[in-house]
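> File entry.cif below, mmCIF, C-alpha atoms and all ligand atoms:
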```
data_work
#
loop_
_atom_site.group_PDB
_atom_site.id
_atom_site.type_symbol
_atom_site.label_atom_id
_atom_site.label_comp_id
_atom_site.auth_asym_id
_atom_site.auth_seq_id
_atom_site.Cartn_x
_atom_site.Cartn_y
_atom_site.Cartn_z
ATOM 1 C CA MET A 1 0.000 0.000 0.000
ATOM 2 C CA ILE A 2 1.593 3.265 -1.078
ATOM 3 C CA ILE A 3 -0.956 5.600 0.562
ATOM 4 C CA ASP A 4 -2.573 4.667 3.845
ATOM 5 C CA VAL A 5 -4.887 7.238 5.382
ATOM 6 C CA LYS A 6 -6.196 5.976 8.717
ATOM 7 C CA ASN A 7 -9.042 7.651 10.581
ATOM 8 C CA VAL A 8 -7.768 11.125 9.785
ATOM 9 C CA LYS A 9 -9.423 14.164 11.264
ATOM 10 C CA TYR A 10 -8.387 17.658 10.394
ATOM 11 C CA THR A 11 -9.589 20.886 11.976
ATOM 12 C CA TYR A 12 -8.729 24.356 10.685
ATOM 13 C CA ASN A 13 -8.347 27.106 13.309
ATOM 14 C CA GLU A 14 -8.887 24.677 16.164
ATOM 15 C CA GLY A 15 -10.395 26.328 19.247
ATOM 16 C CA ALA A 16 -11.070 29.603 17.443
ATOM 17 C CA GLU A 17 -14.470 31.029 16.671
ATOM 18 C CA ASP A 18 -14.109 30.116 13.009
ATOM 19 C CA GLU A 19 -13.017 26.537 13.784
ATOM 20 C CA LYS A 20 -13.790 24.212 10.908
ATOM 21 C CA LYS A 21 -13.735 20.432 11.060
ATOM 22 C CA ALA A 22 -12.706 19.730 7.463
ATOM 23 C CA LEU A 23 -12.102 15.973 7.855
ATOM 24 C CA ARG A 24 -14.038 13.950 10.398
ATOM 25 C CA GLY A 25 -12.395 10.519 10.283
ATOM 26 C CA VAL A 26 -11.293 9.667 6.777
ATOM 27 C CA SER A 27 -9.802 6.278 5.930
ATOM 28 C CA PHE A 28 -8.737 4.972 2.534
ATOM 29 C CA SER A 29 -5.725 3.369 0.970
ATOM 30 C CA VAL A 30 -4.170 3.266 -2.475
ATOM 31 C CA GLU A 31 -2.057 0.452 -3.881
ATOM 32 C CA GLU A 32 1.034 1.167 -5.963
ATOM 33 C CA GLY A 33 0.124 1.464 -9.657
ATOM 34 C CA GLU A 34 -3.535 2.300 -9.070
ATOM 35 C CA PHE A 35 -5.363 5.194 -10.718
ATOM 36 C CA VAL A 36 -7.809 6.514 -8.134
ATOM 37 C CA SER A 37 -10.273 9.363 -8.546
ATOM 38 C CA LEU A 38 -11.290 11.434 -5.546
ATOM 39 C CA VAL A 39 -14.533 13.327 -5.957
ATOM 40 C CA GLY A 40 -16.705 15.391 -3.662
ATOM 41 C CA HIS A 41 -18.690 18.602 -3.487
ATOM 42 C CA ASN A 42 -17.051 21.952 -2.853
ATOM 43 C CA GLY A 43 -15.740 22.036 0.696
ATOM 44 C CA SER A 44 -15.934 18.258 1.199
ATOM 45 C CA GLY A 45 -12.241 18.168 2.143
ATOM 46 C CA LYS A 46 -10.466 17.119 -1.068
ATOM 47 C CA SER A 47 -7.726 19.760 -1.029
ATOM 48 C CA THR A 48 -7.192 19.152 2.681
ATOM 49 C CA ILE A 49 -6.441 15.517 1.833
ATOM 50 C CA ALA A 50 -3.996 16.633 -0.893
ATOM 51 C CA LYS A 51 -2.142 18.699 1.718
ATOM 52 C CA LEU A 52 -2.174 15.875 4.275
ATOM 53 C CA VAL A 53 -0.684 13.239 1.979
ATOM 54 C CA ASN A 54 2.460 15.263 1.369
ATOM 55 C CA GLY A 55 2.803 16.354 4.965
ATOM 56 C CA LEU A 56 1.957 20.006 4.420
ATOM 57 C CA LEU A 57 -0.762 19.503 7.035
ATOM 58 C CA LEU A 58 -0.719 16.955 9.853
ATOM 59 C CA PRO A 59 -3.784 15.071 11.146
ATOM 60 C CA ASP A 60 -5.381 16.265 14.384
ATOM 61 C CA VAL A 61 -3.774 14.576 17.345
ATOM 62 C CA GLY A 62 -5.918 12.945 20.013
ATOM 63 C CA PRO A 63 -6.816 9.623 21.652
ATOM 64 C CA ASP A 64 -8.130 8.207 18.373
ATOM 65 C CA GLY A 65 -5.822 10.366 16.280
ATOM 66 C CA GLY A 66 -5.316 9.373 12.698
ATOM 67 C CA ARG A 67 -2.210 8.751 10.657
ATOM 68 C CA VAL A 68 -1.089 9.224 7.098
ATOM 69 C CA LEU A 69 1.491 6.756 5.837
ATOM 70 C CA ILE A 70 3.212 7.140 2.473
ATOM 71 C CA ASP A 71 5.016 3.955 1.492
ATOM 72 C CA GLY A 72 5.052 3.183 5.203
ATOM 73 C CA MET A 73 6.498 6.582 6.167
ATOM 74 C CA ASP A 74 4.480 8.580 8.704
ATOM 75 C CA THR A 75 3.956 12.211 7.625
ATOM 76 C CA ALA A 76 4.203 13.193 11.311
ATOM 77 C CA ASP A 77 7.841 12.056 11.269
ATOM 78 C CA LYS A 78 9.797 15.181 10.281
ATOM 79 C CA LYS A 79 12.853 13.144 9.309
ATOM 80 C CA LYS A 80 10.791 11.413 6.632
ATOM 81 C CA LEU A 81 9.313 14.490 4.973
ATOM 82 C CA PHE A 82 11.978 14.778 2.285
ATOM 83 C CA ASP A 83 11.553 11.126 1.278
ATOM 84 C CA ILE A 84 7.773 11.449 1.415
ATOM 85 C CA ARG A 85 7.850 14.398 -0.981
ATOM 86 C CA LYS A 86 10.259 12.549 -3.257
ATOM 87 C CA THR A 87 7.814 9.629 -3.339
ATOM 88 C CA LEU A 88 4.598 11.597 -3.687
ATOM 89 C CA GLY A 89 4.214 14.803 -5.673
ATOM 90 C CA VAL A 90 1.151 17.016 -5.492
ATOM 91 C CA VAL A 91 -0.041 19.469 -8.106
ATOM 92 C CA PHE A 92 -2.081 21.863 -6.001
ATOM 93 C CA GLN A 93 -5.271 23.568 -7.002
ATOM 94 C CA ASN A 94 -3.947 27.096 -7.510
ATOM 95 C CA PRO A 95 -0.978 27.143 -9.917
ATOM 96 C CA ASP A 96 -0.129 30.755 -9.002
ATOM 97 C CA ASN A 97 1.055 29.695 -5.567
ATOM 98 C CA GLN A 98 3.359 27.092 -7.039
ATOM 99 C CA MET A 99 5.585 29.203 -9.274
ATOM 100 C CA VAL A 100 8.967 29.676 -7.671
ATOM 101 C CA ALA A 101 11.198 30.985 -10.488
ATOM 102 C CA SER A 102 10.893 33.747 -13.068
ATOM 103 C CA ILE A 103 11.885 31.529 -16.000
ATOM 104 C CA ILE A 104 9.702 28.556 -16.835
ATOM 105 C CA GLU A 105 12.481 25.981 -17.214
ATOM 106 C CA ASP A 106 14.034 27.058 -13.909
ATOM 107 C CA ASP A 107 10.665 26.622 -12.283
ATOM 108 C CA VAL A 108 10.360 23.068 -13.610
ATOM 109 C CA ALA A 109 13.971 22.366 -12.597
ATOM 110 C CA PHE A 110 13.338 23.346 -8.972
ATOM 111 C CA GLY A 111 12.183 19.864 -7.863
ATOM 112 C CA PRO A 112 14.940 17.820 -9.547
ATOM 113 C CA GLU A 113 17.533 20.332 -8.286
ATOM 114 C CA ASN A 114 16.317 19.741 -4.757
ATOM 115 C CA LEU A 115 16.925 16.034 -5.287
ATOM 116 C CA GLY A 116 20.561 16.886 -6.012
ATOM 117 C CA LEU A 117 20.552 15.216 -9.423
ATOM 118 C CA PRO A 118 23.415 15.765 -11.899
ATOM 119 C CA SER A 119 22.807 18.750 -14.191
ATOM 120 C CA LYS A 120 22.604 16.623 -17.334
ATOM 121 C CA GLU A 121 19.831 14.547 -15.793
ATOM 122 C CA ILE A 122 18.024 17.703 -14.639
ATOM 123 C CA ARG A 123 18.226 19.113 -18.191
ATOM 124 C CA GLU A 124 16.764 15.891 -19.629
ATOM 125 C CA ARG A 125 13.971 15.745 -17.091
ATOM 126 C CA VAL A 126 12.993 19.373 -17.586
ATOM 127 C CA ASP A 127 12.879 18.978 -21.381
ATOM 128 C CA TRP A 128 10.914 15.756 -21.058
ATOM 129 C CA ALA A 129 8.426 17.202 -18.544
ATOM 130 C CA LEU A 130 7.821 20.330 -20.649
ATOM 131 C CA GLU A 131 7.359 18.133 -23.722
ATOM 132 C CA CYS A 132 4.817 15.991 -21.821
ATOM 133 C CA VAL A 133 2.621 18.999 -21.128
ATOM 134 C CA GLY A 134 3.156 20.589 -24.552
ATOM 135 C CA MET A 135 5.071 23.617 -23.209
ATOM 136 C CA ARG A 136 8.574 22.990 -24.541
ATOM 137 C CA GLU A 137 8.595 26.082 -26.754
ATOM 138 C CA HIS A 138 7.865 28.227 -23.674
ATOM 139 C CA ALA A 139 10.926 26.947 -21.758
ATOM 140 C CA HIS A 140 12.701 30.321 -21.751
ATOM 141 C CA GLY A 141 9.612 32.439 -21.130
ATOM 142 C CA THR A 142 8.316 33.786 -17.845
ATOM 143 C CA PRO A 143 5.468 31.985 -16.082
ATOM 144 C CA PHE A 144 3.741 35.181 -15.047
ATOM 145 C CA ARG A 145 2.241 36.056 -18.405
ATOM 146 C CA LEU A 146 0.814 32.616 -18.990
ATOM 147 C CA SER A 147 -2.878 31.785 -18.948
ATOM 148 C CA GLY A 148 -4.289 29.822 -15.997
ATOM 149 C CA GLY A 149 -4.275 26.645 -18.084
ATOM 150 C CA GLN A 150 -0.662 27.132 -19.148
ATOM 151 C CA LYS A 151 0.351 27.719 -15.541
ATOM 152 C CA GLN A 152 -1.336 24.458 -14.625
ATOM 153 C CA ARG A 153 0.683 22.695 -17.316
ATOM 154 C CA ILE A 154 3.896 24.137 -15.864
ATOM 155 C CA ALA A 155 2.899 23.091 -12.350
ATOM 156 C CA ILE A 156 2.255 19.551 -13.647
ATOM 157 C CA ALA A 157 5.634 19.561 -15.445
ATOM 158 C CA GLY A 158 7.319 20.614 -12.189
ATOM 159 C CA VAL A 159 5.972 17.546 -10.418
ATOM 160 C CA LEU A 160 6.579 15.224 -13.385
ATOM 161 C CA ALA A 161 10.249 16.279 -13.441
ATOM 162 C CA VAL A 162 10.677 14.830 -9.955
ATOM 163 C CA LYS A 163 9.389 11.486 -11.307
ATOM 164 C CA PRO A 164 7.535 10.662 -8.084
ATOM 165 C CA ARG A 165 6.072 7.183 -7.649
ATOM 166 C CA VAL A 166 2.746 8.807 -6.794
ATOM 167 C CA MET A 167 1.209 11.867 -8.376
ATOM 168 C CA VAL A 168 -1.720 13.657 -6.765
ATOM 169 C CA LEU A 169 -3.540 16.138 -8.990
ATOM 170 C CA ASP A 170 -5.886 18.519 -7.203
ATOM 171 C CA GLU A 171 -8.296 19.751 -9.888
ATOM 172 C CA SER A 172 -5.163 20.360 -11.889
ATOM 173 C CA THR A 173 -6.800 20.406 -15.280
ATOM 174 C CA ALA A 174 -9.791 22.541 -14.327
ATOM 175 C CA MET A 175 -8.485 25.642 -16.090
ATOM 176 C CA LEU A 176 -7.631 23.857 -19.321
ATOM 177 C CA ASP A 177 -9.954 23.785 -22.310
ATOM 178 C CA PRO A 178 -11.410 20.334 -23.094
ATOM 179 C CA VAL A 179 -8.707 19.563 -25.683
ATOM 180 C CA GLY A 180 -5.906 20.617 -23.334
ATOM 181 C CA ARG A 181 -7.481 18.603 -20.542
ATOM 182 C CA ALA A 182 -7.630 15.484 -22.698
ATOM 183 C CA GLU A 183 -3.979 15.968 -23.727
ATOM 184 C CA VAL A 184 -2.679 16.314 -20.189
ATOM 185 C CA LEU A 185 -4.865 13.460 -18.999
ATOM 186 C CA ASP A 186 -3.434 11.255 -21.754
ATOM 187 C CA VAL A 187 0.090 11.888 -20.476
ATOM 188 C CA ILE A 188 -0.916 11.024 -16.908
ATOM 189 C CA MET A 189 -2.765 7.863 -17.957
ATOM 190 C CA LYS A 190 0.185 6.771 -20.078
ATOM 191 C CA LEU A 191 2.599 7.206 -17.137
ATOM 192 C CA ASN A 192 0.185 5.194 -15.023
ATOM 193 C CA ARG A 193 -0.051 2.372 -17.570
ATOM 194 C CA GLU A 194 3.533 2.248 -18.773
ATOM 195 C CA GLN A 195 5.578 3.331 -15.752
ATOM 196 C CA LYS A 196 3.162 2.137 -13.055
ATOM 197 C CA MET A 197 3.015 5.651 -11.633
ATOM 198 C CA THR A 198 0.285 5.760 -9.003
ATOM 199 C CA VAL A 199 -2.247 8.512 -9.661
ATOM 200 C CA VAL A 200 -4.757 10.153 -7.345
ATOM 201 C CA MET A 201 -6.876 12.512 -9.372
ATOM 202 C CA ILE A 202 -9.089 14.958 -7.564
ATOM 203 C CA THR A 203 -11.684 16.215 -9.989
ATOM 204 C CA HIS A 204 -15.177 17.579 -10.261
ATOM 205 C CA PHE A 205 -15.506 16.320 -13.825
ATOM 206 C CA MET A 206 -17.338 13.036 -13.407
ATOM 207 C CA GLU A 207 -16.317 11.907 -16.914
ATOM 208 C CA GLU A 208 -12.725 12.255 -15.772
ATOM 209 C CA ALA A 209 -13.433 10.530 -12.481
ATOM 210 C CA ALA A 210 -14.932 7.567 -14.339
ATOM 211 C CA LEU A 211 -11.482 6.929 -15.870
ATOM 212 C CA GLY A 212 -10.165 5.826 -12.478
ATOM 213 C CA ASP A 213 -9.748 2.160 -11.518
ATOM 214 C CA ARG A 214 -11.471 3.181 -8.331
ATOM 215 C CA ILE A 215 -13.501 6.186 -7.288
ATOM 216 C CA ILE A 216 -13.634 7.544 -3.753
ATOM 217 C CA VAL A 217 -16.564 9.798 -2.955
ATOM 218 C CA LEU A 218 -16.059 12.351 -0.222
ATOM 219 C CA LYS A 219 -18.923 14.087 1.531
ATOM 220 C CA ASP A 220 -18.684 16.591 4.384
ATOM 221 C CA GLY A 221 -15.260 15.404 5.474
ATOM 222 C CA LEU A 222 -16.088 11.685 5.348
ATOM 223 C CA VAL A 223 -15.781 8.937 2.761
ATOM 224 C CA ALA A 224 -19.351 8.366 1.555
ATOM 225 C CA GLY A 225 -18.531 5.490 -0.772
ATOM 226 C CA GLU A 226 -15.934 3.921 -2.986
ATOM 227 C CA GLY A 227 -15.809 1.478 -5.861
ATOM 228 C CA GLY A 228 -15.250 1.013 -9.574
ATOM 229 C CA LYS A 229 -17.170 3.090 -12.087
ATOM 230 C CA GLU A 230 -20.262 1.029 -11.274
ATOM 231 C CA ILE A 231 -20.464 3.422 -8.330
ATOM 232 C CA PHE A 232 -22.190 5.795 -10.762
ATOM 233 C CA ARG A 233 -25.111 3.371 -10.866
ATOM 234 C CA ASP A 234 -25.746 4.365 -7.264
ATOM 235 C CA ARG A 235 -27.583 7.571 -8.095
ATOM 236 C CA ASP A 236 -28.601 8.149 -4.481
ATOM 237 C CA LEU A 237 -24.995 8.108 -3.331
ATOM 238 C CA ILE A 238 -23.853 10.435 -6.118
ATOM 239 C CA HIS A 239 -26.720 12.864 -5.682
ATOM 240 C CA SER A 240 -26.607 12.885 -1.888
ATOM 241 C CA ALA A 241 -22.888 13.705 -2.144
ATOM 242 C CA GLY A 242 -23.883 16.780 -4.148
ATOM 243 C CA LEU A 243 -22.469 15.426 -7.398
ATOM 244 C CA GLU A 244 -23.873 14.825 -10.834
ATOM 245 C CA LEU A 245 -23.709 11.636 -12.848
ATOM 246 C CA PRO A 246 -21.297 11.701 -15.808
ATOM 247 C CA LEU A 247 -22.823 13.334 -18.884
ATOM 248 C CA ALA A 248 -23.134 10.038 -20.798
ATOM 249 C CA ALA A 249 -25.063 8.534 -17.875
ATOM 250 C CA ARG A 250 -27.404 11.524 -17.786
ATOM 251 C CA ILE A 251 -27.999 11.380 -21.523
ATOM 252 C CA ALA A 252 -28.647 7.633 -21.287
ATOM 253 C CA ALA A 253 -31.184 8.233 -18.511
ATOM 254 C CA ALA A 254 -32.944 10.915 -20.576
ATOM 255 C CA LEU A 255 -33.067 8.630 -23.607
ATOM 256 C CA ARG A 256 -34.406 5.763 -21.499
ATOM 257 C CA GLY A 257 -37.146 8.125 -20.373
ATOM 258 C CA ARG A 258 -38.070 8.593 -24.020
ATOM 259 C CA GLY A 259 -38.396 4.881 -24.598
ATOM 260 C CA PHE A 260 -34.889 3.956 -25.736
ATOM 261 C CA ASP A 261 -33.976 0.486 -24.519
ATOM 262 C CA LEU A 262 -30.491 1.152 -23.084
ATOM 263 C CA PRO A 263 -28.550 -0.889 -20.497
ATOM 264 C CA PRO A 264 -28.567 0.560 -16.963
ATOM 265 C CA ASP A 265 -24.805 0.816 -16.516
ATOM 266 C CA ILE A 266 -23.731 3.387 -19.107
ATOM 267 C CA VAL A 267 -21.141 5.752 -17.675
ATOM 268 C CA THR A 268 -18.723 6.716 -20.446
ATOM 269 C CA ALA A 269 -19.316 8.320 -23.858
ATOM 270 C CA GLU A 270 -17.803 5.201 -25.426
ATOM 271 C CA GLU A 271 -20.396 2.936 -23.753
ATOM 272 C CA LEU A 272 -23.229 5.225 -24.758
ATOM 273 C CA LYS A 273 -22.026 5.253 -28.356
ATOM 274 C CA GLU A 274 -21.804 1.455 -28.445
ATOM 275 C CA ALA A 275 -25.261 1.008 -26.940
ATOM 276 C CA LEU A 276 -26.810 3.478 -29.371
ATOM 277 C CA CYS A 277 -25.133 1.822 -32.373
ATOM 278 C CA ARG A 278 -26.507 -1.518 -31.283
HETATM 279 P P1 LIG B 301 -12.502 20.954 -1.263
HETATM 280 O O1 LIG B 301 -11.114 20.939 -1.823
HETATM 281 O O2 LIG B 301 -13.189 19.629 -1.334
HETATM 282 O O3 LIG B 301 -13.346 22.033 -1.883
HETATM 283 P P2 LIG B 301 -11.199 21.877 1.178
HETATM 284 O O4 LIG B 301 -10.351 20.751 1.658
HETATM 285 O O5 LIG B 301 -10.511 22.992 0.476
HETATM 286 O O6 LIG B 301 -12.415 21.298 0.292
HETATM 287 O O7 LIG B 301 -11.972 22.503 2.418
HETATM 288 C C1 LIG B 301 -12.681 21.728 3.352
HETATM 289 C C2 LIG B 301 -13.315 22.656 4.372
HETATM 290 O O8 LIG B 301 -12.317 23.323 5.110
HETATM 291 C C3 LIG B 301 -14.174 23.752 3.735
HETATM 292 O O9 LIG B 301 -15.286 23.968 4.566
HETATM 293 C C4 LIG B 301 -13.257 24.943 3.732
HETATM 294 O O10 LIG B 301 -13.996 26.130 3.797
HETATM 295 C C5 LIG B 301 -12.440 24.725 4.964
HETATM 296 N N1 LIG B 301 -11.073 25.289 4.789
HETATM 297 C C6 LIG B 301 -10.196 24.997 3.810
HETATM 298 N N2 LIG B 301 -9.052 25.662 3.949
HETATM 299 C C7 LIG B 301 -9.191 26.415 5.061
HETATM 300 C C8 LIG B 301 -8.346 27.337 5.757
HETATM 301 N N3 LIG B 301 -7.111 27.597 5.340
HETATM 302 N N4 LIG B 301 -8.847 27.912 6.885
HETATM 303 C C9 LIG B 301 -10.088 27.646 7.327
HETATM 304 N N5 LIG B 301 -10.931 26.782 6.733
HETATM 305 C C10 LIG B 301 -10.497 26.171 5.608
HETATM 306 MG MG MG B 302 -10.218 21.932 -3.378
#
```
For the file at hand, write its structure as C-alpha cells.
Ligand code: ADP
Ligand code: MG

Amino acid sequence: MIIDVKNVKYTYNEGAEDEKKALRGVSFSVEEGEFVSLVGHNGSGKSTIAKLVNGLLLPDVGPDGGRVLIDGMDTADKKKLFDIRKTLGVVFQNPDNQMVASIIEDDVAFGPENLGLPSKEIRERVDWALECVGMREHAHGTPFRLSGGQKQRIAIAGVLAVKPRVMVLDESTAMLDPVGRAEVLDVIMKLNREQKMTVVMITHFMEEAALGDRIIVLKDGLVAGEGGKEIFRDRDLIHSAGLELPLAARIAAALRGRGFDLPPDIVTAEELKEALCR
C-alpha cells in the first residue's frame, strides 16, 4: 500500500471562533500502480487531503488520532518528509502559488535540483516534462504572463520532473480547455499504464473521475462510498454527495425516459455510443 490514510481528522483554526472540522475521520488506501479518482462537493475536504498526503498539514492529534502513511512513512515524522515528498508529488489547485522561479524551465527544474541530481539529468527531465505537457517552446519564457491553463501545465511539469512514484492532482486540469485537458490526462494515464506511476486525481468532472480504476466519494469530510465506475449506478450516493452523474449517464437516462432500450450501466461516452449503435 503506497498511501494509507487511517481515521484522519483535520480541523482548521482549532479552538477559534471560526473553527472548521474539514475531515471527520477519513480512511482509505491506495495500492502502488492504481489510478484513483477522488470526488466530492465543494468544501468536502479534497484539497485538505492533498495537503495531508504530502505532509503540508498533519492530522489532528488525540486519543483516536489518525495517521497518514506514504510507502510506510508517517507524515508526522519530520525526518521522513523529504523522502515522502520525493515519493509523492502534489499538483495543487492554484498554480499561481506554485511558481517559484521567473523563467519557466528554472521553475520546472526546482524539484529535480532539490533532489541533487546531476545537471545533465536535470536538463533531460525538464525537457521531457515540458514536452509531456506541450510547453517545450515556452521553456525560456516567464510563467507570469501565462494563462491559468498554461500555468497548470507548468505546475504539472514541475511535479513530473521529480518522477515521483505517486502523483496527486488537485483539480489540476480545471483551467484547461477540453482539448488541453484530454492531452494532459493522456500523459498522466500513459505514465500510469507504462511506468506504473500511481495517480490520485481529484476532480469535479465526473467523466474524468470515471477513468479511475477506483472512485472515492467524499462528503462533508467523510468517505461516503468507494468502488469502480459502477459506483455511478448508485444515483442516491452520487446525488446525496452533491455530485452529478457523468454526462453520458445523464444522456442515457434521458433517452431511457423517451423509450430507448439502453442498459442501466452506461457511464462513459464510449459505452453510450456502443449502446446506441446496437
Ligand atoms: P474541497 O477541496 O473539497 O473544496 P477543502 O479541503 O478545500 O475542500 O476545504 C474543506 C473545508 O475546510 C471547507 O469547509 C473549507 O472552507 C475549509 N477550509 C479549507 N481551507 C481552510 C483554511 N485555510 N482555513 C479555514 N478553513 C479552511
Ligand atoms: Mg479543493
> Give me the result of the PyMOL selection byres (((chain A and resi 173-188) around 7) and not hetatm) on this file, residue by residue, as a list in words.
Cys132, Val133, Gly148, Gly149, Gln152, Glu171, Ser172, Met189, Lys190, Leu191 and Asn192 of chain A
> Near stretch 7-14 of chain A, counting all atoms listed in the file, which residues have an atom at most 12 Å away, once you skip same-chain residues fewer than 6 positions from it, shown as number ranges by chain?
A: 20-29, 44-49, 51-53, 57-69, 75, 220-223
> Nearest residue to A:Ser37 out of A:Glu208, A:Asp71, A:Asp261, A:Asp127, using all atoms listed in the file?
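Looking at the shortest contact to A:Ser37, the residue is A:Glu208.
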> Calculate how many Å separate atom C6 of ligand LIG 301 (chain B) from atom CA of A:Glu19, rounding to one decimal.
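So the answer is 10.5 Å.
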> With distances taken over all atoms listed in the file, which of A:Ala209, A:Ala161, A:Val217, A:Leu146 is nearest to A:Ser240?
A:Val217
> For ligand LIG 301 (chain B), which residue among A:Ala155, A:Val162, A:Ile215, A:Ala241 is the nearest when counting only C-alpha atoms and all ligand atoms?
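Using only C-alpha atoms and all ligand atoms, ligand LIG 301 (chain B) sits closest to A:Ala241.
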> Work out how far apart atom CA of A:Glu194 and atom CA of A:Glu121 are and give it in Å to one decimal.
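One can read the atom CA of A:Glu194 to atom CA of A:Glu121 distance as 20.6 Å.
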> Where does the PyMOL selection byres (((chain A and resi 81-96) around 7) and not hetatm) land in this file, that is, which residues does it pick, as a list in words?
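Applied to this file, the PyMOL selection byres (((chain A and resi 81-96) around 7) and not hetatm) returns Ala50, Asn54, Gly55, Ile70, Met73, Thr75, Asp77, Lys78, Lys79, Lys80, Asn97, Gln98, Met99, Lys151, Gln152, Ala155, Ile156, Val159, Pro164, Arg165, Val166, Met167, Val168, Leu169, Asp170, Glu171 and Ser172 of chain A.
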> Near A:Thr198, within 6 Å and counting only C-alpha atoms, which residues show up once chain neighbours fewer than 4 positions away are dropped, as a list in words?
Glu32, Gly33, Glu34, Phe35 and Val166 of chain A
> Closest to ligand MG 302 (chain B) among A:Ala157, A:Arg256, A:Val108, A:His204, using all atoms listed in the file?
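Checking each of A:Ala157, A:Arg256, A:Val108, A:His204 against ligand MG 302 (chain B), counting all atoms listed in the file, the winner is A:His204.
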> Please, what is the axis-aligned box for every listed atom of ligand LIG 301 (chain B) with 8 Å on each side, as centre and edge lengths in Å to one decimal, as lines of an AutoDock Vina configuration file?

```
center_x = -11.2
center_y = 23.8
center_z = 2.7
size_x = 24.2
size_y = 24.3
size_z = 25.2
```
> A:Glu17, A:Glu105, A:Asp213, A:Glu271: which is nearest ligand LIG 301 (chain B), counting all atoms listed in the file?
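Among A:Glu17, A:Glu105, A:Asp213, A:Glu271, it is A:Glu17 that comes nearest to ligand LIG 301 (chain B).
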> Ranking A:Lys6, A:His41, A:Arg136, A:Lys163 by minimum distance to A:Ala224 and counting only C-alpha atoms, which one comes first?
A:His41
> Taking (-17.3, 12.7, -12.0) in the coordinates of the supplied file, I want to know which residues reach to within 12 Å of it, counting only C-alpha atoms; could you give the answer as a PyMOL selection string?
chain A and resi 36-41+171+201-212+214-218+229+231-232+238-239+241-250+267-268
> Find the distance between atom MG of ligand MG 302 (chain B) and atom CA of A:Arg235 and write it in Å to one decimal.
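One can read the atom MG of ligand MG 302 (chain B) to atom CA of A:Arg235 distance as 23.0 Å.
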